[in-house]
Every structure is written in C-alpha cells, then in structure tokens.
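Peer 1: Below is the file query-v9.pdb, with PDB, C-alpha atoms and all ligand atoms.
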ATOM      1  CA  MET L   1      66.076  87.583 104.845
ATOM      2  CA  ILE L   2      66.075  91.110 106.323
ATOM      3  CA  GLU L   3      63.995  93.725 104.464
ATOM      4  CA  ASN L   4      65.338  97.255 104.094
ATOM      5  CA  ASP L   5      63.105  98.711 106.794
ATOM      6  CA  ALA L   6      63.235  95.605 109.019
ATOM      7  CA  GLU L   7      64.132  95.974 112.684
ATOM      8  CA  THR L   8      67.525  94.619 113.758
ATOM      9  CA  PRO L   9      69.205  94.749 117.184
ATOM     10  CA  PHE L  10      70.669  98.067 115.988
ATOM     11  CA  GLY L  11      67.471  99.724 114.771
ATOM     12  CA  LYS L  12      66.147  99.599 111.226
ATOM     13  CA  VAL L  13      68.439  98.314 108.489
ATOM     14  CA  GLY L  14      68.538 101.771 106.902
ATOM     15  CA  ASP L  15      69.495 103.521 110.191
ATOM     16  CA  LYS L  16      73.026 104.741 110.736
ATOM     17  CA  LEU L  17      75.056 102.515 113.055
ATOM     18  CA  THR L  18      77.258 103.929 115.791
ATOM     19  CA  LEU L  19      80.973 103.685 115.049
ATOM     20  CA  GLY L  20      81.444 101.078 117.797
ATOM     21  CA  VAL L  21      78.705  98.793 116.453
ATOM     22  CA  ALA L  22      79.917  99.161 112.853
ATOM     23  CA  ALA L  23      83.492  98.369 113.932
ATOM     24  CA  ARG L  24      82.424  95.265 115.881
ATOM     25  CA  LEU L  25      80.179  93.961 113.116
ATOM     26  CA  SER L  26      82.997  94.457 110.588
ATOM     27  CA  ARG L  27      85.311  92.413 112.774
ATOM     28  CA  TYR L  28      82.734  89.628 113.170
ATOM     29  CA  LEU L  29      82.279  89.679 109.396
ATOM     30  CA  GLN L  30      86.012  89.355 108.806
ATOM     31  CA  VAL L  31      86.213  86.269 111.041
ATOM     32  CA  LEU L  32      83.006  84.775 109.640
ATOM     33  CA  THR L  33      84.141  85.251 106.034
ATOM     34  CA  GLN L  34      87.370  83.417 106.785
ATOM     35  CA  ALA L  35      85.525  80.692 108.717
ATOM     36  CA  LYS L  36      83.201  80.247 105.730
ATOM     37  CA  LYS L  37      86.183  79.932 103.384
ATOM     38  CA  MET L  38      87.561  77.223 105.650
ATOM     39  CA  GLY L  39      84.309  75.291 105.347
ATOM     40  CA  LYS L  40      83.106  75.969 108.896
ATOM     41  CA  GLU L  41      79.310  75.825 109.165
ATOM     42  CA  THR L  42      78.796  77.043 112.728
ATOM     43  CA  ILE L  43      80.711  79.277 115.113
ATOM     44  CA  SER L  44      80.247  79.949 118.824
ATOM     45  CA  SER L  45      80.305  83.363 120.481
ATOM     46  CA  GLN L  46      83.419  82.208 122.353
ATOM     47  CA  GLU L  47      85.239  81.441 119.092
ATOM     48  CA  LEU L  48      84.201  84.827 117.689
ATOM     49  CA  SER L  49      85.486  86.378 120.887
ATOM     50  CA  ASP L  50      88.847  84.602 120.657
ATOM     51  CA  TYR L  51      89.402  85.909 117.141
ATOM     52  CA  THR L  52      88.066  89.450 117.597
ATOM     53  CA  HIS L  53      88.938  90.248 121.251
ATOM     54  CA  VAL L  54      85.376  91.461 121.748
ATOM     55  CA  ASN L  55      84.073  89.809 124.906
ATOM     56  CA  SER L  56      81.587  87.014 124.349
ATOM     57  CA  THR L  57      78.826  88.694 126.396
ATOM     58  CA  GLN L  58      79.016  91.716 124.093
ATOM     59  CA  ILE L  59      78.958  89.409 121.067
ATOM     60  CA  ARG L  60      75.895  87.552 122.316
ATOM     61  CA  ARG L  61      74.195  90.895 122.995
ATOM     62  CA  ASP L  62      75.098  92.203 119.513
ATOM     63  CA  LEU L  63      73.836  89.039 117.864
ATOM     64  CA  SER L  64      70.864  88.435 120.159
ATOM     65  CA  GLY L  65      68.416  89.563 117.472
ATOM     66  CA  PHE L  66      69.728  86.796 115.274
ATOM     67  CA  GLY L  67      68.844  84.260 117.959
ATOM     68  CA  LYS L  68      66.897  82.076 115.544
ATOM     69  CA  PHE L  69      70.137  80.543 114.349
ATOM     70  CA  GLY L  70      72.241  81.278 117.437
ATOM     71  CA  LYS L  71      71.315  77.930 118.959
ATOM     72  CA  ARG L  72      72.647  77.172 122.426
ATOM     73  CA  GLY L  73      75.566  74.765 122.305
ATOM     74  CA  VAL L  74      75.657  74.739 118.502
ATOM     75  CA  GLY L  75      76.635  78.320 117.851
ATOM     76  CA  TYR L  76      75.687  80.606 115.002
ATOM     77  CA  ASN L  77      75.189  79.479 111.434
ATOM     78  CA  VAL L  78      78.125  81.080 109.618
ATOM     79  CA  ASP L  79      76.365  81.502 106.256
ATOM     80  CA  SER L  80      73.269  83.167 107.717
ATOM     81  CA  LEU L  81      75.293  85.437 109.964
ATOM     82  CA  VAL L  82      77.480  86.580 107.052
ATOM     83  CA  SER L  83      74.475  87.564 104.968
ATOM     84  CA  GLN L  84      72.635  89.227 107.860
ATOM     85  CA  ILE L  85      75.666  91.283 108.921
ATOM     86  CA  ARG L  86      76.405  92.240 105.300
ATOM     87  CA  LYS L  87      72.859  93.453 104.984
ATOM     88  CA  ILE L  88      73.113  95.527 108.173
ATOM     89  CA  LEU L  89      76.475  96.959 107.113
ATOM     90  CA  ARG L  90      74.924  97.481 103.685
ATOM     91  CA  THR L  91      77.872  95.701 102.064
ATOM     92  CA  SER L  92      75.830  93.090 100.211
ATOM     93  CA  GLY L  93      76.594  92.911  96.492
ATOM     94  CA  GLN L  94      79.619  94.098  94.553
ATOM     95  CA  HIS L  95      81.522  97.344  95.131
ATOM     96  CA  ASN L  96      84.059  98.596  92.649
ATOM     97  CA  ILE L  97      87.542  99.711  93.622
ATOM     98  CA  ALA L  98      90.200 101.667  91.751
ATOM     99  CA  LEU L  99      93.764 100.994  92.842
ATOM    100  CA  PHE L 100      96.356 103.791  92.732
ATOM    101  CA  GLY L 101      99.989 102.713  92.681
ATOM    102  CA  ALA L 102     101.176  99.618  90.827
ATOM    103  CA  GLY L 103     104.255  99.120  93.010
ATOM    104  CA  HIS L 104     104.968  96.344  95.502
ATOM    105  CA  LEU L 105     101.820  96.800  97.559
ATOM    106  CA  GLY L 106      99.528  97.630  94.626
ATOM    107  CA  ARG L 107     100.604  94.485  92.786
ATOM    108  CA  ALA L 108     100.107  92.349  95.855
ATOM    109  CA  ILE L 109      96.599  93.721  96.369
ATOM    110  CA  ALA L 110      95.672  93.351  92.692
ATOM    111  CA  SER L 111      96.773  89.727  92.617
ATOM    112  CA  SER L 112      95.127  88.626  95.851
ATOM    113  CA  ASP L 113      91.526  87.990  96.823
ATOM    114  CA  ILE L 114      91.614  89.975 100.086
ATOM    115  CA  PHE L 115      89.103  92.492  98.737
ATOM    116  CA  ALA L 116      87.165  90.074  96.513
ATOM    117  CA  ASP L 117      86.306  87.911  99.523
ATOM    118  CA  HIS L 118      84.311  90.825 100.884
ATOM    119  CA  GLY L 119      82.533  91.807  97.687
ATOM    120  CA  PHE L 120      85.046  94.427  96.520
ATOM    121  CA  ARG L 121      86.284  94.183  92.937
ATOM    122  CA  VAL L 122      89.349  95.969  91.573
ATOM    123  CA  VAL L 123      88.168  97.432  88.246
ATOM    124  CA  ALA L 124      91.065  99.764  87.395
ATOM    125  CA  ILE L 125      94.733 100.296  88.310
ATOM    126  CA  PHE L 126      96.545 103.599  87.916
ATOM    127  CA  ASP L 127     100.178 104.615  88.198
ATOM    128  CA  ASN L 128     101.956 107.807  87.193
ATOM    129  CA  ASP L 129     105.192 106.094  86.179
ATOM    130  CA  PRO L 130     105.183 106.067  82.347
ATOM    131  CA  GLN L 131     107.267 102.876  82.389
ATOM    132  CA  LYS L 132     104.457 100.988  84.121
ATOM    133  CA  LEU L 133     101.772 102.070  81.666
ATOM    134  CA  GLY L 134     100.169  99.131  79.893
ATOM    135  CA  GLU L 135     101.786  96.541  82.188
ATOM    136  CA  THR L 136      99.410  93.805  83.268
ATOM    137  CA  VAL L 137      98.826  93.721  87.009
ATOM    138  CA  GLY L 138      96.300  91.195  88.268
ATOM    139  CA  ALA L 139      93.543  91.236  85.646
ATOM    140  CA  HIS L 140      94.149  94.811  84.483
ATOM    141  CA  GLN L 141      96.479  96.965  82.459
ATOM    142  CA  VAL L 142      98.015  99.866  84.334
ATOM    143  CA  ARG L 143      96.520 103.190  83.254
ATOM    144  CA  GLN L 144      97.759 106.731  83.622
ATOM    145  CA  ILE L 145      95.714 109.171  85.673
ATOM    146  CA  GLY L 146      94.453 111.705  83.209
ATOM    147  CA  GLY L 147      91.767 114.325  82.812
ATOM    148  CA  GLU L 148      89.140 111.612  82.300
ATOM    149  CA  LEU L 149      89.321 110.359  85.919
ATOM    150  CA  ARG L 150      85.819 111.623  86.733
ATOM    151  CA  GLN L 151      84.438 109.881  83.665
ATOM    152  CA  ILE L 152      86.091 106.590  84.646
ATOM    153  CA  VAL L 153      84.799 106.910  88.219
ATOM    154  CA  ASP L 154      81.271 107.397  86.836
ATOM    155  CA  GLU L 155      81.412 104.772  84.099
ATOM    156  CA  GLU L 156      83.018 102.071  86.234
ATOM    157  CA  ASP L 157      80.883 102.974  89.239
ATOM    158  CA  ILE L 158      83.966 103.292  91.442
ATOM    159  CA  VAL L 159      83.073 103.673  95.115
ATOM    160  CA  VAL L 160      86.477 103.218  96.741
ATOM    161  CA  ALA L 161      89.951 104.445  95.790
ATOM    162  CA  VAL L 162      92.755 102.419  97.344
ATOM    163  CA  LEU L 163      95.971 104.429  97.711
ATOM    164  CA  ALA L 164      99.159 102.353  97.483
ATOM    165  CA  VAL L 165     101.375 105.321  96.594
ATOM    166  CA  PRO L 166     104.280 106.959  98.452
ATOM    167  CA  THR L 167     103.195 109.153 101.375
ATOM    168  CA  ALA L 168     104.233 112.376  99.614
ATOM    169  CA  ALA L 169     101.980 111.563  96.642
ATOM    170  CA  ALA L 170      98.885 110.752  98.694
ATOM    171  CA  GLN L 171      97.408 114.209  99.427
ATOM    172  CA  PRO L 172      97.649 115.614  95.867
ATOM    173  CA  LEU L 173      96.152 112.342  94.633
ATOM    174  CA  ALA L 174      93.375 112.486  97.244
ATOM    175  CA  ASP L 175      92.532 116.010  96.033
ATOM    176  CA  GLU L 176      92.209 114.710  92.465
ATOM    177  CA  LEU L 177      90.059 111.807  93.628
ATOM    178  CA  VAL L 178      87.735 114.058  95.614
ATOM    179  CA  ALA L 179      87.365 116.300  92.538
ATOM    180  CA  ALA L 180      86.567 113.189  90.487
ATOM    181  CA  GLY L 181      83.734 112.246  92.854
ATOM    182  CA  VAL L 182      85.297 109.374  94.839
ATOM    183  CA  LYS L 183      83.545 109.025  98.193
ATOM    184  CA  ILE L 184      85.764 106.563 100.073
ATOM    185  CA  ILE L 185      89.553 106.585 100.190
ATOM    186  CA  PHE L 186      91.357 103.587 101.632
ATOM    187  CA  ASN L 187      94.812 104.924 102.411
ATOM    188  CA  TYR L 188      97.782 102.605 102.851
ATOM    189  CA  SER L 189     100.282 105.465 103.075
ATOM    190  CA  GLU L 190     101.207 107.255 106.281
ATOM    191  CA  ALA L 191      99.765 110.579 105.071
ATOM    192  CA  LEU L 192      97.168 112.321 107.241
ATOM    193  CA  LEU L 193      94.748 113.104 104.451
ATOM    194  CA  GLN L 194      92.551 116.197 104.422
ATOM    195  CA  VAL L 195      89.247 115.661 102.645
ATOM    196  CA  PRO L 196      85.807 117.311 102.716
ATOM    197  CA  PRO L 197      83.278 115.911 105.239
ATOM    198  CA  GLU L 198      81.313 113.939 102.650
ATOM    199  CA  VAL L 199      84.396 111.849 101.858
ATOM    200  CA  THR L 200      85.518 109.037 104.187
ATOM    201  CA  VAL L 201      89.186 108.184 104.651
ATOM    202  CA  HIS L 202      90.277 104.941 106.220
ATOM    203  CA  THR L 203      93.992 104.595 106.875
ATOM    204  CA  SER L 204      95.426 101.107 107.228
ATOM    205  CA  SER L 205      98.517 100.854 109.360
ATOM    206  CA  PRO L 206     100.003  97.490 110.366
ATOM    207  CA  ALA L 207     101.953  99.210 113.172
ATOM    208  CA  VAL L 208      98.743 100.603 114.654
ATOM    209  CA  ASP L 209      97.103  97.155 114.444
ATOM    210  CA  LEU L 210     100.112  95.747 116.226
ATOM    211  CA  LEU L 211      99.809  98.362 118.978
ATOM    212  CA  TYR L 212      96.205  97.265 119.401
ATOM    213  CA  ALA L 213      97.340  93.633 119.761
ATOM    214  CA  LEU L 214     100.005  94.737 122.231
ATOM    215  CA  TYR L 215      97.329  96.407 124.344
ATOM    216  CA  PHE L 216      95.547  93.037 124.777
ATOM    217  CA  TYR L 217      98.834  91.343 125.529
ATOM    218  CA  LEU L 218      99.712  93.887 128.216
ATOM    219  CA  THR L 219      96.309  94.119 129.908
TER     220      THR L 219
HETATM  221  N1  LIG L 301      99.588  99.872 105.396
HETATM  222  C1  LIG L 301     100.246  98.814 104.936
HETATM  223  O1  LIG L 301      99.933  97.675 105.215
HETATM  224  C2  LIG L 301     101.390  99.047 103.993
HETATM  225  C3  LIG L 301     102.240  98.006 103.604
HETATM  226  C4  LIG L 301     103.237  98.273 102.668
HETATM  227  C5  LIG L 301     103.370  99.558 102.150
HETATM  228  N2  LIG L 301     102.561 100.562 102.595
HETATM  229  C6  LIG L 301     102.608 101.908 102.013
HETATM  230  O2  LIG L 301     102.034 101.787 100.718
HETATM  231  C7  LIG L 301     102.643 102.705  99.830
HETATM  232  C8  LIG L 301     103.202 101.955  98.634
HETATM  233  O3  LIG L 301     104.258 101.077  99.056
HETATM  234  P1  LIG L 301     105.053 100.196  97.983
HETATM  235  O4  LIG L 301     106.010  99.397  98.730
HETATM  236  O5  LIG L 301     104.068  99.515  97.084
HETATM  237  O6  LIG L 301     105.818 101.342  97.163
HETATM  238  P2  LIG L 301     106.349 101.262  95.671
HETATM  239  O7  LIG L 301     107.355 102.357  95.538
HETATM  240  O8  LIG L 301     106.725  99.879  95.312
HETATM  241  O9  LIG L 301     105.055 101.635  94.784
HETATM  242  C9  LIG L 301     104.478 102.915  94.764
HETATM  243  C10 LIG L 301     103.878 103.115  93.363
HETATM  244  O10 LIG L 301     103.120 104.319  93.376
HETATM  245  C11 LIG L 301     103.328 104.975  92.133
HETATM  246  N3  LIG L 301     102.962 106.374  92.274
HETATM  247  C12 LIG L 301     103.670 107.393  92.823
HETATM  248  N4  LIG L 301     102.952 108.537  92.779
HETATM  249  C13 LIG L 301     101.764 108.216  92.203
HETATM  250  C14 LIG L 301     100.600 108.960  91.881
HETATM  251  N5  LIG L 301     100.507 110.274  92.151
HETATM  252  N6  LIG L 301      99.586 108.324  91.268
HETATM  253  C15 LIG L 301      99.653 106.997  90.988
HETATM  254  N7  LIG L 301     100.736 106.246  91.259
HETATM  255  C16 LIG L 301     101.775 106.849  91.874
HETATM  256  C17 LIG L 301     104.814 104.723  91.828
HETATM  257  O11 LIG L 301     105.102 104.907  90.462
HETATM  258  C18 LIG L 301     104.948 103.268  92.264
HETATM  259  O12 LIG L 301     104.651 102.385  91.201
HETATM  260  C19 LIG L 301     103.679 103.456 100.651
HETATM  261  O13 LIG L 301     103.093 104.661 101.101
HETATM  262  C20 LIG L 301     103.970 102.516 101.793
HETATM  263  O14 LIG L 301     104.419 103.189 102.952
HETATM  264  C21 LIG L 301     101.577 100.308 103.482
END
Could you render the structure from this file as structure tokens?
Peer 2:
Amino acid sequence: MIENDAETPFGKVGDKLTLGVAARLSRYLQVLTQAKKMGKETISSQELSDYTHVNSTQIRRDLSGFGKFGKRGVGYNVDSLVSQIRKILRTSGQHNIALFGAGHLGRAIASSDIFADHGFRVVAIFDNDPQKLGETVGAHQVRQIGGELRQIVDEEDIVVAVLAVPTAAAQPLADELVAAGVKIIFNYSEALLQVPPEVTVHTSSPAVDLLYALYFYLT
C-alpha cells in the first residue's frame, strides 16, 4: 500500500506527474483493467507493450519501483499494479460524472460500464430537448439543464462533465459548466473548447486515435 507522501518512481505520490508519464500510466491502467476483467492474474512487460505500443524497456523503467511484484519470468501482478497505478494517478475511489446529451452516444455511454470500470459513476443525465425530459436512460431520468446546475454539481459532487452534444452546442454548454464549477470536461464533440486555465478539457476523437494507430503501422 502506498502512503500519500510515499516515494514512487515518479516522485512522491502527491507530486504532479509529467504529461508523458501520466499518459503512459493511464494506458497501462486501461490494459490492466481489461486484463483483470478477463481474469488474468499476471502480465509481462512485453504484453503491456503489445497492447500500449510503449516499448517494453520504457515500461520496465516506469514500473521498476514496483519491482517487488514484477518478478522475472512471471510478470507483474495485475491486481497490485492496478491499485498502485490508481494511487499514483490519484484515481482511486469513485468519481462522479454528469452526462450532457441523451442522444445516440449519451445513451450508449449511460448504458455501458466503460466509465464504471475505472471508478467513474454517471450520477446525472441532462438534455435540452423537452421531449426527452423524464425518459429513463441507463439508471437515470433525463433532466433539463436549469438555473440549479451549480447546486446539482455541488450536491452530487460532480467532478467530470461528459459532453455528448452536437458540436455547435458544446461551447455554450461548456461556459455554463465552467460557471457551475465543473473542473473537468470530457468532450466527445469536435468543438475546440475555450475554458479558463483551472478547467481541463479532454477531447475524444476516434479519428485521431486511428491516426495514432496508423503512425505505428507506417513506421
Ligand atoms: N468521439 C466519439 O467517439 C464520438 C462518437 C459518436 C459521436 N460523437 C459526437 O458526439 C456528439 C453526440 O452525437 P450523437 O450521435 O449522440 O448525437 P445525437 O443527435 O443523437 O444526440 C445529441 C443530443 O444532445 C442534445 N443536446 C443538444 N444541445 C444540448 C445542450 N445544449 N444541452 C444538453 N443536451 C443537448 C440533443 O437534444 C440530443 O439528444 C456529436 O458531437 C458527435 O459528433 C463522438
């Protein structure tokens, strides 16, 4: 178990990680979480490399501080690595999400466990189409975004807003979310969102992911 001020290969647990380290650890975590779901108990650095495209020397270096369970020939213990990396990424525990847009994508997200697997829980779903109000999507009834957004963000302890709305709707919505105190926006639209520095935007684009895959194919 890593304490909050414990040393890790990346400094103390409370220290800020570089973007590169955070990105690599997130990718390891994604693979490890899936491996755990599939009942895999150990994983080698080569397997992690195959799934993440990070070279295995870099992986061994990143995980060298976790050597206690990175036994030669056996590989890393999946369970231990998941909890250690979660601790370093400070993603242990539950984090609440509000979903905006109850259309095709919003419904798919609300009914799947893609976020739940990583400790994220959808606690509210919003849509501005009056016809969708009150519809049940996943485990929730669709709500309308109203003046009480800040109150809901506070009461439900919402950390992340997931935007599954048309591109044209994304910026005005982001402005409302920033005003309501949301600190992380996960944007599925194509909009290039402008937010103040204290707010983080992550834009998910399958085409960009595909370009990344293409790069490995071509090189
Ligand atoms: N990155 C990805 O993997 C990915 C995949 C599919 C779709 N998308 C994007 O996700 C978005 C949604 O796609 P979709 O297919 O679900 O569209 P959709 O039209 O089925 O659903 C959009 C929903 O957003 C609602 N909406 C519009 N303005 C809103 C606002 N201001 N507040 C709250 N709700 C609002 C609409 O009423 C509708 O229910 C689009 O921007 C699309 O390009 C991204």
Peer 1: Determine, for each residue of region 41-145 of chain L having at least one atom at most 12 Å from an atom of region 181-185 of chain L, the closest pair of atoms and their separation in Å to one decimal, counting all atoms listed in the file; order by chain and ascending number, as JSON lines.
Peer 2:
{"residue": "L:His95", "atom": "CA", "partner": "L:Ile184", "partner_atom": "CA", "distance": 11.3}
{"residue": "L:Asn96", "atom": "CA", "partner": "L:Ile184", "partner_atom": "CA", "distance": 11.0}
{"residue": "L:Ile97", "atom": "CA", "partner": "L:Ile184", "partner_atom": "CA", "distance": 9.6}
{"residue": "L:Ala98", "atom": "CA", "partner": "L:Val182", "partner_atom": "CA", "distance": 9.6}
{"residue": "L:Leu99", "atom": "CA", "partner": "L:Ile185", "partner_atom": "CA", "distance": 10.1}
{"residue": "L:Phe100", "atom": "CA", "partner": "L:Ile185", "partner_atom": "CA", "distance": 10.5}
Peer 1: Let me have all residues with an atom within 7 Å of ligand LIG 301 (chain L), counting all atoms listed in the file, laid out as a list in words.
Peer 2: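 Written in the requested form, the residues are Phe100, Gly101, Ala102, Gly103, His104, Leu105, Gly106, Phe126, Asp127, Asn128, Asp129, Ile145, Ala164, Val165, Pro166, Thr167, Ala169, Ala170, Leu173, Tyr188, Ser189, Glu190, Ser204, Ser205 and Pro206 of chain L.
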Peer 1: Filtering to C-alpha atoms, could you give me those residues as a PDB file, in the coordinates of the input?
Peer 2:
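What landed in part.pdb:
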ATOM      1  CA  PHE L 100      96.356 103.791  92.732  1.00  0.00           C
ATOM      2  CA  GLY L 101      99.989 102.713  92.681  1.00  0.00           C
ATOM      3  CA  ALA L 102     101.176  99.618  90.827  1.00  0.00           C
ATOM      4  CA  GLY L 103     104.255  99.120  93.010  1.00  0.00           C
ATOM      5  CA  HIS L 104     104.968  96.344  95.502  1.00  0.00           C
ATOM      6  CA  LEU L 105     101.820  96.800  97.559  1.00  0.00           C
ATOM      7  CA  GLY L 106      99.528  97.630  94.626  1.00  0.00           C
ATOM      8  CA  PHE L 126      96.545 103.599  87.916  1.00  0.00           C
ATOM      9  CA  ASP L 127     100.178 104.615  88.198  1.00  0.00           C
ATOM     10  CA  ASN L 128     101.956 107.807  87.193  1.00  0.00           C
ATOM     11  CA  ASP L 129     105.192 106.094  86.179  1.00  0.00           C
ATOM     12  CA  ILE L 145      95.714 109.171  85.673  1.00  0.00           C
ATOM     13  CA  ALA L 164      99.159 102.353  97.483  1.00  0.00           C
ATOM     14  CA  VAL L 165     101.375 105.321  96.594  1.00  0.00           C
ATOM     15  CA  PRO L 166     104.280 106.959  98.452  1.00  0.00           C
ATOM     16  CA  THR L 167     103.195 109.153 101.375  1.00  0.00           C
ATOM     17  CA  ALA L 169     101.980 111.563  96.642  1.00  0.00           C
ATOM     18  CA  ALA L 170      98.885 110.752  98.694  1.00  0.00           C
ATOM     19  CA  LEU L 173      96.152 112.342  94.633  1.00  0.00           C
ATOM     20  CA  TYR L 188      97.782 102.605 102.851  1.00  0.00           C
ATOM     21  CA  SER L 189     100.282 105.465 103.075  1.00  0.00           C
ATOM     22  CA  GLU L 190     101.207 107.255 106.281  1.00  0.00           C
ATOM     23  CA  SER L 204      95.426 101.107 107.228  1.00  0.00           C
ATOM     24  CA  SER L 205      98.517 100.854 109.360  1.00  0.00           C
ATOM     25  CA  PRO L 206     100.003  97.490 110.366  1.00  0.00           C
TER      26      PRO L 206
END
Peer 1: On this structure, which residues satisfy the PyMOL selection byres (((chain L and resi 119) around 8) and not hetatm), written as an mmCIF file with C-alpha atoms, in the coordinates of the input?
Peer 2:
data_model
loop_
_atom_site.group_PDB
_atom_site.id
_atom_site.type_symbol
_atom_site.label_atom_id
_atom_site.label_comp_id
_atom_site.auth_asym_id
_atom_site.auth_seq_id
_atom_site.Cartn_x
_atom_site.Cartn_y
_atom_site.Cartn_z
ATOM 1 C CA THR L 91 77.872 95.701 102.064
ATOM 2 C CA SER L 92 75.830 93.090 100.211
ATOM 3 C CA GLY L 93 76.594 92.911 96.492
ATOM 4 C CA GLN L 94 79.619 94.098 94.553
ATOM 5 C CA HIS L 95 81.522 97.344 95.131
ATOM 6 C CA PHE L 115 89.103 92.492 98.737
ATOM 7 C CA ALA L 116 87.165 90.074 96.513
ATOM 8 C CA ASP L 117 86.306 87.911 99.523
ATOM 9 C CA HIS L 118 84.311 90.825 100.884
ATOM 10 C CA PHE L 120 85.046 94.427 96.520
ATOM 11 C CA ARG L 121 86.284 94.183 92.937
#
Peer 1: I want to know what sits within 12 Å of Ser26 (chain L), based on all atoms listed in the file, with residues of the same chain fewer than 5 positions away left out; could you give that as number ranges by chain?
Peer 2: L: 17, 19-21, 31-33, 52, 54, 81-82, 84-91, 118
Peer 1: Which distance in Å separates CA of His202 (chain L) and CA of Asn187 (chain L), to one decimal?
Peer 2: 5.9 Å
Peer 1: Got a sec to resolve the PyMOL selection byres (((chain L and resi 43) around 8) and not hetatm) on this structure and send the residues as a short mmCIF file (atom, residue, chain, number, x, y, z; two decimals) with C-alpha atoms, keeping the file's coordinate frame?
Peer 2:
data_model
loop_
_atom_site.label_atom_id
_atom_site.label_comp_id
_atom_site.auth_asym_id
_atom_site.auth_seq_id
_atom_site.Cartn_x
_atom_site.Cartn_y
_atom_site.Cartn_z
CA LYS L 40 83.11 75.97 108.90
CA GLU L 41 79.31 75.82 109.16
CA THR L 42 78.80 77.04 112.73
CA SER L 44 80.25 79.95 118.82
CA SER L 45 80.31 83.36 120.48
CA GLU L 47 85.24 81.44 119.09
CA LEU L 48 84.20 84.83 117.69
CA VAL L 74 75.66 74.74 118.50
CA GLY L 75 76.64 78.32 117.85
CA TYR L 76 75.69 80.61 115.00
CA ASN L 77 75.19 79.48 111.43
CA VAL L 78 78.12 81.08 109.62
#
Peer 1: Interatomic distance between CA of Ala180 (chain L) and CA of Val153 (chain L)?
Peer 2: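 CA of Val153 (chain L) lies 6.9 Å from CA of Ala180 (chain L).
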Peer 1: Quick one: which residues end up in the PyMOL selection byres (((chain L and resi 141) around 12) and not hetatm) for this structure, as a ChimeraX atom specification?
Peer 2: /L:99,102,107,110,122-127,132-140,142-144
Peer 1: Select, from L:Ile114, L:Ala179, L:Pro197, L:Val160, the residue with the minimum atom-to-atom distance to Gly147 (chain L), counting all atoms listed in the file.
Peer 2: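 Distance minimum relative to Gly147 (chain L) lands on L:Ala179.
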Peer 1: Give me the residues within 9 Å of Ile59 (chain L) as an mmCIF file with C-alpha atoms, keeping the file's coordinate frame, counting all atoms listed in the file and dropping any in the same chain fewer than 2 places off.
Peer 2:
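This went into around16.cif:
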data_model
loop_
_atom_site.group_PDB
_atom_site.id
_atom_site.type_symbol
_atom_site.label_atom_id
_atom_site.label_comp_id
_atom_site.auth_asym_id
_atom_site.auth_seq_id
_atom_site.Cartn_x
_atom_site.Cartn_y
_atom_site.Cartn_z
ATOM 1 C CA ARG L 24 82.424 95.265 115.881
ATOM 2 C CA TYR L 28 82.734 89.628 113.170
ATOM 3 C CA SER L 45 80.305 83.363 120.481
ATOM 4 C CA GLN L 46 83.419 82.208 122.353
ATOM 5 C CA LEU L 48 84.201 84.827 117.689
ATOM 6 C CA SER L 49 85.486 86.378 120.887
ATOM 7 C CA VAL L 54 85.376 91.461 121.748
ATOM 8 C CA ASN L 55 84.073 89.809 124.906
ATOM 9 C CA SER L 56 81.587 87.014 124.349
ATOM 10 C CA THR L 57 78.826 88.694 126.396
ATOM 11 C CA ARG L 61 74.195 90.895 122.995
ATOM 12 C CA ASP L 62 75.098 92.203 119.513
ATOM 13 C CA LEU L 63 73.836 89.039 117.864
ATOM 14 C CA SER L 64 70.864 88.435 120.159
#
